[in-house]
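The file entry.txt comes next; it holds compact mmCIF, C-alpha atoms and all ligand atoms.
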# COMPACT_ATOMS: atom_id res chain seq x y z
CA MET A 254 12.34 -23.57 25.49
CA GLU A 255 15.88 -23.86 24.19
CA LYS A 256 16.00 -23.57 20.43
CA ILE A 257 17.91 -25.69 17.95
CA ILE A 258 19.08 -23.64 14.98
CA ALA A 259 21.05 -24.80 11.96
CA HIS A 260 23.07 -22.54 9.68
CA ILE A 261 24.03 -23.85 6.28
CA ASP A 262 26.63 -22.21 4.06
CA MET A 263 27.76 -23.65 0.75
CA ASP A 264 31.50 -24.10 0.32
CA ALA A 265 33.20 -21.78 -2.20
CA PHE A 266 29.75 -21.60 -3.77
CA PHE A 267 30.35 -20.07 -7.22
CA ALA A 268 33.71 -21.80 -7.62
CA SER A 269 32.28 -25.21 -6.64
CA ILE A 270 29.48 -24.79 -9.21
CA GLU A 271 32.03 -23.99 -11.90
CA GLN A 272 34.06 -27.05 -10.94
CA VAL A 273 30.96 -29.23 -11.26
CA ARG A 274 29.95 -28.00 -14.70
CA ARG A 275 33.53 -27.99 -15.95
CA PRO A 276 34.90 -31.18 -14.37
CA TRP A 277 38.43 -30.49 -15.64
CA LEU A 278 38.57 -27.62 -13.11
CA LYS A 279 37.97 -29.98 -10.18
CA GLY A 280 40.83 -29.76 -7.66
CA LYS A 281 42.30 -26.74 -9.50
CA PRO A 282 42.95 -23.22 -8.14
CA ILE A 283 40.19 -21.16 -9.78
CA GLY A 284 38.81 -17.69 -9.24
CA VAL A 285 35.30 -16.69 -10.37
CA THR A 286 34.95 -13.15 -11.65
CA ASN A 287 32.69 -11.00 -13.75
CA HIS A 288 35.50 -9.76 -15.97
CA PRO A 289 38.35 -12.26 -16.37
CA ASP A 290 40.20 -9.56 -18.35
CA GLY A 291 41.30 -8.04 -15.07
CA ARG A 292 38.89 -5.13 -14.61
CA SER A 293 36.95 -6.69 -11.79
CA VAL A 294 37.36 -8.47 -8.46
CA ILE A 295 37.39 -12.12 -7.48
CA ALA A 296 33.86 -13.05 -6.38
CA THR A 297 35.15 -16.22 -4.82
CA ALA A 298 38.03 -18.63 -5.13
CA SER A 299 38.17 -22.41 -4.87
CA TYR A 300 39.79 -23.72 -1.71
CA GLU A 301 42.77 -24.77 -3.86
CA ALA A 302 43.24 -21.10 -4.84
CA ARG A 303 42.69 -19.88 -1.28
CA ALA A 304 45.82 -21.82 -0.30
CA TYR A 305 47.73 -19.19 -2.32
CA GLY A 306 46.05 -16.31 -0.49
CA ILE A 307 43.35 -15.59 -3.09
CA LYS A 308 40.26 -14.10 -1.41
CA SER A 309 36.80 -12.81 -2.28
CA GLY A 310 36.88 -9.13 -3.13
CA MET A 311 40.51 -9.14 -4.26
CA PRO A 312 41.08 -7.26 -7.54
CA VAL A 313 41.84 -9.76 -10.31
CA LYS A 314 45.11 -7.97 -11.06
CA GLU A 315 46.26 -8.37 -7.47
CA ALA A 316 45.23 -12.03 -7.44
CA LEU A 317 47.27 -12.72 -10.57
CA LYS A 318 50.29 -10.99 -9.07
CA LEU A 319 49.98 -13.20 -6.02
CA PHE A 320 49.44 -16.38 -8.02
CA PRO A 321 49.97 -16.09 -11.80
CA ASP A 322 48.66 -19.62 -12.49
CA LEU A 323 45.22 -18.81 -11.08
CA ILE A 324 42.53 -20.02 -13.51
CA LEU A 325 39.94 -17.29 -14.04
CA VAL A 326 36.38 -18.29 -14.83
CA LYS A 327 33.61 -15.94 -15.87
CA GLY A 328 30.70 -16.21 -13.48
CA ASP A 329 27.08 -16.94 -14.39
CA ALA A 330 24.83 -15.18 -11.89
CA ASN A 331 21.60 -16.68 -13.30
CA LEU A 332 22.88 -20.20 -12.83
CA TYR A 333 23.99 -19.50 -9.24
CA GLU A 334 20.59 -18.06 -8.39
CA LYS A 335 18.82 -21.07 -9.90
CA ILE A 336 20.94 -23.44 -7.84
CA SER A 337 20.34 -21.28 -4.76
CA ASP A 338 16.58 -21.67 -5.37
CA GLY A 339 17.01 -25.42 -5.76
CA ILE A 340 18.88 -25.65 -2.45
CA TYR A 341 16.13 -23.64 -0.75
CA GLU A 342 13.54 -26.11 -2.09
CA ILE A 343 15.49 -28.91 -0.41
CA LEU A 344 15.83 -27.01 2.87
CA ILE A 345 12.13 -26.26 3.28
CA LYS A 346 11.42 -30.00 3.20
CA TYR A 347 13.41 -30.30 6.43
CA ALA A 348 12.06 -27.28 8.33
CA PRO A 349 9.12 -24.97 7.71
CA ASN A 350 11.10 -22.00 9.00
CA VAL A 351 13.94 -21.33 6.61
CA GLU A 352 15.52 -17.89 6.38
CA ARG A 353 17.53 -17.28 3.23
CA PHE A 354 20.36 -15.15 4.46
CA SER A 355 22.37 -14.78 1.27
CA ILE A 356 22.70 -16.56 -2.04
CA ASP A 357 24.36 -19.56 -0.38
CA GLU A 358 23.40 -19.31 3.29
CA ALA A 359 20.28 -20.10 5.26
CA PHE A 360 19.10 -20.56 8.82
CA LEU A 361 16.73 -23.38 9.73
CA ASP A 362 14.74 -23.48 12.92
CA LEU A 363 14.85 -27.15 13.92
CA THR A 364 13.35 -26.63 17.39
CA TYR A 365 10.17 -28.52 16.63
CA LYS A 366 11.77 -30.88 14.13
CA ALA A 367 14.50 -32.37 16.28
CA LYS A 368 13.98 -33.50 19.86
CA ASP A 369 17.67 -33.12 20.66
CA TYR A 370 21.02 -32.22 19.11
CA GLU A 371 21.61 -35.79 17.91
CA GLU A 372 18.43 -35.69 15.87
CA ALA A 373 19.44 -32.26 14.58
CA ARG A 374 22.82 -33.67 13.55
CA THR A 375 21.08 -36.43 11.59
CA ILE A 376 18.91 -33.85 9.84
CA GLY A 377 22.06 -31.88 9.02
CA ILE A 378 23.76 -34.95 7.57
CA ASN A 379 20.70 -35.72 5.45
CA ILE A 380 20.51 -32.15 4.15
CA LYS A 381 24.18 -32.19 3.16
CA LYS A 382 23.69 -35.57 1.49
CA GLU A 383 20.60 -34.50 -0.46
CA ILE A 384 22.25 -31.30 -1.69
CA PHE A 385 25.31 -33.25 -2.76
CA GLU A 386 23.25 -35.90 -4.55
CA ARG A 387 21.22 -33.26 -6.39
CA PHE A 388 23.94 -30.71 -7.25
CA SER A 389 27.30 -32.41 -6.41
CA LEU A 390 28.06 -29.40 -4.22
CA PRO A 391 29.70 -29.44 -0.78
CA SER A 392 28.16 -27.53 2.10
CA THR A 393 28.85 -26.91 5.77
CA ILE A 394 26.35 -26.84 8.61
CA GLY A 395 26.62 -25.37 12.10
CA ILE A 396 24.04 -26.32 14.71
CA SER A 397 23.52 -24.53 18.01
CA TYR A 398 21.02 -22.85 20.34
CA ASN A 399 20.87 -19.56 18.39
CA LYS A 400 21.61 -18.10 14.96
CA LEU A 401 24.80 -16.37 16.01
CA VAL A 402 26.56 -19.43 17.42
CA ALA A 403 25.22 -21.65 14.60
CA LYS A 404 26.73 -19.25 12.04
CA ILE A 405 30.07 -19.10 13.80
CA ALA A 406 30.02 -22.91 14.09
CA SER A 407 29.49 -23.39 10.36
CA LYS A 408 32.36 -21.04 9.58
CA GLU A 409 34.63 -23.01 11.89
CA ALA A 410 33.58 -26.34 10.37
CA LYS A 411 34.37 -25.40 6.75
CA PRO A 412 34.80 -26.95 4.26
CA ASN A 413 32.36 -29.86 3.93
CA GLY A 414 31.79 -30.05 7.68
CA LEU A 415 29.10 -30.27 10.31
CA LEU A 416 29.62 -28.91 13.80
CA VAL A 417 27.22 -29.07 16.72
CA VAL A 418 27.85 -26.60 19.56
CA ARG A 419 25.57 -27.30 22.51
CA LYS A 420 24.65 -24.42 24.78
CA GLU A 421 26.90 -25.72 27.55
CA GLU A 422 29.85 -25.92 25.14
CA ALA A 423 29.35 -22.50 23.59
CA ASP A 424 31.40 -20.45 26.03
CA HIS A 425 34.44 -22.68 25.64
CA PHE A 426 33.94 -22.72 21.86
CA LEU A 427 33.70 -18.92 21.57
CA LYS A 428 36.51 -18.02 23.98
CA LYS A 429 39.29 -19.34 21.78
CA LEU A 430 38.20 -17.46 18.67
CA PRO A 431 39.46 -14.07 17.44
CA VAL A 432 36.86 -11.26 17.58
CA SER A 433 36.78 -11.17 13.77
CA LYS A 434 34.83 -14.45 13.87
CA ILE A 435 31.80 -12.56 15.17
CA PRO A 436 29.61 -11.99 12.09
CA GLY A 437 29.51 -8.27 11.36
CA VAL A 438 32.76 -7.46 13.12
CA GLY A 439 34.74 -6.14 10.19
CA LYS A 440 38.22 -4.71 10.01
CA LYS A 441 37.25 -1.33 11.49
CA ILE A 442 35.59 -2.76 14.59
CA GLU A 443 38.42 -5.26 14.99
CA GLU A 444 40.98 -2.45 14.90
CA ALA A 445 38.95 -0.31 17.31
CA LEU A 446 38.70 -3.19 19.80
CA LYS A 447 42.46 -3.66 19.64
CA LYS A 448 43.20 0.04 19.96
CA LYS A 449 40.71 0.96 22.68
CA PHE A 450 40.71 -2.20 24.79
CA ASN A 451 43.71 -4.22 23.58
CA VAL A 452 41.26 -7.00 22.81
CA GLU A 453 41.89 -9.62 20.14
CA THR A 454 40.07 -12.76 21.27
CA ILE A 455 36.48 -13.32 22.32
CA GLU A 456 37.78 -14.41 25.73
CA GLN A 457 39.38 -10.98 26.19
CA LEU A 458 36.27 -9.27 24.85
CA GLN A 459 34.13 -11.04 27.45
CA LYS A 460 36.03 -9.16 30.16
CA ILE A 461 35.00 -5.73 28.86
CA GLU A 462 31.97 -4.25 30.61
CA LEU A 463 28.87 -3.49 28.57
CA ASN A 464 28.95 0.23 29.44
CA GLU A 465 32.56 0.47 28.21
CA LEU A 466 31.57 -0.99 24.85
CA ILE A 467 28.54 1.29 24.64
CA LYS A 468 30.78 4.33 25.27
CA VAL A 469 32.82 3.49 22.18
CA PHE A 470 30.38 1.73 19.87
CA HIS A 471 27.01 3.01 21.14
CA THR A 472 24.15 0.65 20.27
CA TYR A 473 26.54 -1.56 18.31
CA GLY A 474 28.38 -2.10 21.61
CA VAL A 475 25.35 -4.02 22.87
CA PHE A 476 25.56 -6.33 19.87
CA ILE A 477 29.29 -6.91 20.39
CA TYR A 478 28.80 -7.57 24.10
CA ASN A 479 25.98 -10.04 23.48
CA ALA A 480 27.88 -11.79 20.70
CA ALA A 481 30.94 -12.27 22.93
CA HIS A 482 28.68 -13.93 25.49
CA GLY A 483 26.87 -16.07 22.92
CA ILE A 484 23.63 -14.13 23.33
CA ASP A 485 21.35 -13.74 20.31
CA ASN A 486 17.59 -13.78 20.68
CA SER A 487 16.78 -13.08 17.04
CA GLU A 488 14.28 -15.37 15.36
CA VAL A 489 14.66 -17.33 12.18
CA ILE A 490 12.45 -15.30 9.86
CA ALA A 491 10.88 -17.50 7.21
CA GLU A 492 10.59 -16.08 3.71
CA PHE A 493 6.80 -15.74 3.91
CA GLU A 494 7.14 -13.65 7.07
CA LYS A 495 9.63 -11.24 5.51
CA GLU A 496 7.08 -9.72 3.15
CA GLU A 497 5.36 -8.00 6.05
CA GLU A 498 8.00 -5.29 6.32
CA LYS A 499 6.21 -2.15 5.16
CA SER A 500 8.46 0.73 6.14
CA VAL A 501 11.57 1.72 8.03
CA GLY A 502 11.67 5.07 9.75
CA ASN A 503 13.73 7.18 12.08
CA SER A 504 12.66 10.37 13.82
CA THR A 505 14.10 12.68 16.42
CA THR A 506 12.90 15.54 18.59
CA LEU A 507 15.68 18.12 18.57
CA ASP A 508 17.37 19.16 21.82
CA PHE A 509 16.02 22.67 21.16
CA ASP A 510 13.71 24.13 18.51
CA THR A 511 15.78 25.64 15.71
CA ASP A 512 15.67 27.33 12.31
CA ASP A 513 19.42 26.96 11.85
CA ILE A 514 19.63 25.26 8.45
CA GLU A 515 23.05 23.77 9.11
CA ILE A 516 21.81 22.03 12.26
CA ILE A 517 18.71 20.82 10.43
CA LYS A 518 20.81 19.49 7.56
CA GLY A 519 23.05 17.66 10.02
CA VAL A 520 20.06 15.99 11.67
CA LEU A 521 18.54 15.04 8.30
CA ARG A 522 21.84 13.53 7.27
CA ARG A 523 21.96 11.39 10.38
CA LEU A 524 18.32 10.34 10.08
CA SER A 525 18.89 9.35 6.45
CA SER A 526 22.00 7.46 7.42
CA ASN A 527 20.20 5.55 10.19
CA VAL A 528 17.35 4.61 7.85
CA CYS A 529 19.83 3.43 5.22
CA TYR A 530 21.75 1.42 7.77
CA ARG A 531 18.54 -0.34 8.83
CA LEU A 532 17.60 -0.99 5.21
CA ARG A 533 20.99 -2.50 4.51
CA LEU A 534 20.84 -4.67 7.60
CA LYS A 535 17.55 -6.07 6.35
CA ASN A 536 18.75 -6.35 2.75
CA LEU A 537 16.08 -3.90 1.60
CA LEU A 538 15.82 -1.13 -0.98
CA THR A 539 13.32 1.73 -0.82
CA GLU A 540 11.43 3.44 -3.64
CA ARG A 541 9.58 6.07 -1.63
CA ILE A 542 10.88 8.52 0.92
CA THR A 543 8.82 10.56 3.34
CA LEU A 544 10.10 13.54 5.27
CA THR A 545 8.24 14.68 8.37
CA ILE A 546 8.64 18.09 9.98
CA ARG A 547 7.04 19.19 13.21
CA TYR A 548 7.36 22.90 13.96
CA GLU A 549 7.61 24.58 17.36
CA ASP A 550 3.83 25.08 17.40
CA PHE A 551 3.43 21.29 17.00
CA SER A 552 2.03 21.57 13.48
CA THR A 553 3.21 18.51 11.61
CA PHE A 554 3.72 18.06 7.88
CA SER A 555 4.94 15.25 5.74
CA HIS A 556 6.03 15.21 2.16
CA SER A 557 6.82 12.17 0.02
CA LYS A 558 8.52 11.36 -3.21
CA ASN A 559 9.09 8.26 -5.33
CA ILE A 560 12.76 7.67 -6.00
CA PRO A 561 14.84 5.10 -7.89
CA LYS A 562 15.48 2.00 -5.74
CA THR A 563 18.30 2.60 -3.29
CA ASN A 564 19.60 2.16 0.24
CA LEU A 565 22.57 4.50 -0.06
CA ASP A 566 23.04 7.33 2.42
CA SER A 567 24.07 9.96 -0.10
CA GLN A 568 21.13 9.34 -2.45
CA ILE A 569 18.51 9.29 0.26
CA TYR A 570 19.99 12.31 2.02
CA SER A 571 19.88 14.41 -1.14
CA GLU A 572 16.22 13.41 -1.77
CA VAL A 573 15.34 14.19 1.85
CA LEU A 574 17.00 17.58 1.56
CA ASN A 575 14.97 18.36 -1.58
CA LEU A 576 11.78 17.34 0.20
CA PHE A 577 12.71 19.56 3.13
CA PHE A 578 13.29 22.70 1.06
CA GLU A 579 10.08 22.09 -0.88
CA ILE A 580 7.94 22.42 2.24
CA TYR A 581 10.02 24.27 4.83
CA ASN A 582 8.13 27.38 5.98
CA GLY A 583 10.89 29.11 7.94
CA GLN A 584 9.53 28.36 11.42
CA LYS A 585 11.60 26.77 14.15
CA VAL A 586 11.68 22.99 13.84
CA ARG A 587 10.92 20.73 16.78
CA LEU A 588 11.03 17.26 15.24
CA LEU A 589 12.28 15.66 12.04
CA GLY A 590 11.59 12.20 10.64
CA VAL A 591 12.62 10.20 7.60
CA THR A 592 10.69 7.12 6.49
CA ALA A 593 11.45 4.68 3.70
CA ARG A 594 8.48 2.92 2.08
CA HIS A 595 7.77 0.71 -0.94
CA LEU A 596 10.45 -1.69 0.19
CA SER A 597 11.82 -4.59 -1.78
CA HIS A 598 14.47 -7.19 -1.11
CA ILE A 599 17.81 -6.67 -2.76
CA PRO A 600 18.35 -9.20 -5.50
CA TYR A 601 21.38 -11.18 -4.40
CA THR A 602 24.41 -9.02 -4.98
CA LEU A 603 26.86 -10.92 -7.03
CA PHE A 604 30.48 -10.08 -7.55
CA GLU A 605 30.34 -7.41 -4.96
CA HIS A 606 33.16 -6.79 -2.56
CA HIS A 607 31.53 -7.71 0.72
CA GLU A 608 34.27 -6.17 2.79
CA ASP A 609 33.39 -2.82 1.31
CA LYS A 610 29.83 -3.43 2.30
CA ASN A 611 30.91 -4.14 5.86
CA GLU A 612 32.95 -0.98 5.87
CA LYS A 613 29.96 0.98 4.68
CA LEU A 614 27.93 -0.56 7.47
CA ALA A 615 30.60 0.28 9.99
CA SER A 616 30.79 3.89 8.86
CA ALA A 617 27.02 4.15 9.07
CA ILE A 618 27.29 2.93 12.63
CA ASP A 619 29.95 5.55 13.32
CA LYS A 620 27.66 8.26 12.03
CA ALA A 621 24.83 6.96 14.14
CA ARG A 622 26.99 7.43 17.21
CA ILE A 623 26.50 11.17 17.20
CA LYS A 624 23.74 11.76 19.70
CA MET A 625 20.70 13.58 18.47
CA GLY A 626 18.21 14.58 21.10
CA ASP A 627 15.84 11.81 22.08
CA GLU A 628 16.68 9.84 18.98
CA SER A 629 14.28 7.05 18.33
CA VAL A 630 14.84 4.36 15.78
CA SER A 631 11.58 2.70 15.05
CA TYR A 632 9.28 1.42 12.40
CA ALA A 633 7.19 4.02 10.74
CA ASN A 634 3.93 2.61 12.00
CA SER A 635 4.77 3.40 15.60
CA VAL A 636 6.23 6.75 14.59
CA ASN A 637 3.05 7.58 12.69
CA LEU A 638 0.95 6.73 15.65
CA ARG A 639 2.86 9.06 17.91
CA PHE A 640 2.77 11.82 15.29
CA ARG A 641 -0.96 11.44 14.83
CA LEU A 642 -1.52 11.85 18.53
CA ALA A 643 0.32 15.16 18.59
CA ASN A 644 -0.71 16.41 15.16
CA LYS A 645 -2.56 19.73 15.10
CA LYS A 646 -2.49 21.18 11.59
CA ILE A 647 -2.67 19.42 8.30
CA SER A 648 -0.67 20.63 5.34
CA GLY A 649 -2.01 21.27 1.86
CA GLY A 650 -0.41 21.04 -1.58
CA ASN A 651 1.03 17.76 -2.58
CA SER A 652 2.23 17.00 0.90
CA SER A 653 0.26 14.43 2.76
CA ALA A 654 -0.62 14.77 6.40
CA LEU A 655 0.19 11.89 8.69
P1 LIG A 701 30.46 -16.86 0.83
O1 LIG A 701 29.57 -17.89 1.44
O2 LIG A 701 30.93 -15.75 1.69
O3 LIG A 701 31.76 -17.55 0.23
P2 LIG A 701 31.92 -18.93 -0.48
O4 LIG A 701 30.67 -19.74 -0.50
O5 LIG A 701 32.53 -18.70 -1.83
O6 LIG A 701 33.03 -19.64 0.41
P3 LIG A 701 32.87 -20.25 1.87
O7 LIG A 701 33.21 -21.70 1.73
O8 LIG A 701 33.87 -19.52 2.70
O9 LIG A 701 31.45 -20.03 2.30
O10 LIG A 701 29.76 -16.21 -0.41
C1 LIG A 701 28.90 -16.96 -1.26
C2 LIG A 701 29.06 -16.53 -2.70
O11 LIG A 701 28.80 -15.13 -2.80
C3 LIG A 701 30.47 -16.72 -3.21
O12 LIG A 701 30.68 -18.02 -3.74
C4 LIG A 701 30.59 -15.66 -4.23
C5 LIG A 701 29.68 -14.55 -3.77
N1 LIG A 701 30.49 -13.47 -3.17
C6 LIG A 701 30.76 -12.36 -3.94
O13 LIG A 701 30.30 -12.27 -5.09
N2 LIG A 701 31.55 -11.38 -3.41
C7 LIG A 701 32.09 -11.47 -2.16
O14 LIG A 701 32.80 -10.56 -1.71
C8 LIG A 701 31.80 -12.65 -1.37
C9 LIG A 701 32.36 -12.77 0.02
C10 LIG A 701 31.00 -13.60 -1.93
MG MG A 702 29.59 -19.98 1.25
I need this file expressed as structure tokens, please.
Amino acid sequence: MEKIIAHIDMDAFFASIEQVRRPWLKGKPIGVTNHPDGRSVIATASYEARAYGIKSGMPVKEALKLFPDLILVKGDANLYEKISDGIYEILIKYAPNVERFSIDEAFLDLTYKAKDYEEARTIGINIKKEIFERFSLPSTIGISYNKLVAKIASKEAKPNGLLVVRKEEADHFLKKLPVSKIPGVGKKIEEALKKKFNVETIEQLQKIELNELIKVFHTYGVFIYNAAHGIDNSEVIAEFEKEEEKSVGNSTTLDFDTDDIEIIKGVLRRLSSNVCYRLRLKNLLTERITLTIRYEDFSTFSHSKNIPKTNLDSQIYSEVLNLFFEIYNGQKVRLLGVTARHLSHIPYTLFEHHEDKNEKLASAIDKARIKMGDESVSYANSVNLRFRLANKKISGGNSSAL
């Protein structure tokens, strides 16, 4: 059955809120920041300020150089979160499946709520109206047959818009857009596509074969290929379903058994990086790390540690390394695994430079490109099961056997 998905994104969210509670700022070029004294970055700018080139993530100093009359407003994260909660309360009245994607974005699965796109459009109009009546805030909605195209549609319809892209219209709609409109395609990927394939538009990207993209971007190439063709089979994950995520793990059997510490360190670094990348994709932090070692004789040991909440490569790698040296017995290693447990959702990151985050994601993807044996990225449960099947010895001390 073809789905009907809506993506809602509030317009200049923080700036619009500030313009509502300080009506004299309405229609003015404002920038919301944590430190109006110039030490921080612009979290977001009103559309009036965007006309002067002011963007999210821009250092305040740079913004003032570009447009000295910019009005700086100190942000109020608690208020924005409260309003975000209020918007969510409105959305769940319209669809049981609502996925909160960021502080001001959500996906709604309207498949069983709307019999066709016209009904979905009416629901969209009503949602926009109710949010405006309750909070005086403008929003934009994209409606399509999957999350990807719905999200691109809402971006194209901004501000205060509503755009329906039917499945049969999607190809035409996507073709004319630059590749940067694909969510997740940041500056680095954009540059690589230009350099390697001379590709700038989605229409040009559609002409590149899947295997060519995989050669350059590895698994991320599959995502880029699918996105260019409007393919996205991911589900709208309602908030109550999200809680089920218990662990994220990554393990690999090495190409050859080794006791070369440098090789082992390299593999642990990549495993940590892959786990972190997956955590970041799912907006999760971990508080417990488990390292698994299987030696050449198939004996398998695991060792865990509670750590401060994180999803950063460097922090997790250094903890994993400590765990390794605490239990390593000098034998040749056959398999290594890193698992993150005790997961929690990241509180909405405010005032963060999202472009940096994308760059971090992109560099994590780059690292993941390096092939490591029969690398398997999987959830810990399935990894555990496979380990249990092959497990021979059980370790003592404070390590726990799988
Ligand atoms: P966005 O939805 O990306 O931006 P926006 O709502 O301000 O504007 P648009 O109309 O283009 O959707 O982000 C939502 C809020 O998240 C934004 O108002 C402020 C905050 N934010 C940051 O704190 N830092 C950032 O780098 C970005 C992009 C957003
Ligand atoms: Mg927004």
Item checked: Selection as a ChimeraX atom specification: residues within 12 Å of ligand MG 702 (chain A) by all atoms listed in the file -> /A:260-270,296-300,309,333,337,354-359,390-394,404,407-408,410-413
Find the axis-aligned box for ligand LIG 701 (chain A), covering all its listed atoms and adding 4 Å on each side, and write its centre and edge lengths in Å to one decimal as JSON.
{"center_x": 31.3, "center_y": -16.1, "center_z": -1.2, "size_x": 13.1, "size_y": 19.1, "size_z": 15.8}
Note to self: Taking only C-alpha atoms and all ligand atoms into account, name the residue in A:Tyr305, A:Pro349, A:Glu409, A:Asn564 that is nearest to ligand LIG 701 (chain A).
What the structure shows: A:Glu409
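Closest approach to A:Ala302 among A:Asp508, A:Glu383, A:Asp290, A:Asp322: A:Asp322, based on all atoms listed in the file.
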Notebook entry, point to check: Taking into account all atoms listed in the file, which residue in the set A:Arg303, A:Lys281, A:Lys429, A:Arg275 is nearest to ligand LIG 701 (chain A)?
Noted result: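 Of the candidates, the smallest distance to ligand LIG 701 (chain A) is held by A:Arg303.
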Checklist line | A:Leu463, A:Ser504, A:Lys368, A:Lys381 ranked by distance to A:Gly414, top pick (using only C-alpha atoms) | finding: A:Lys381
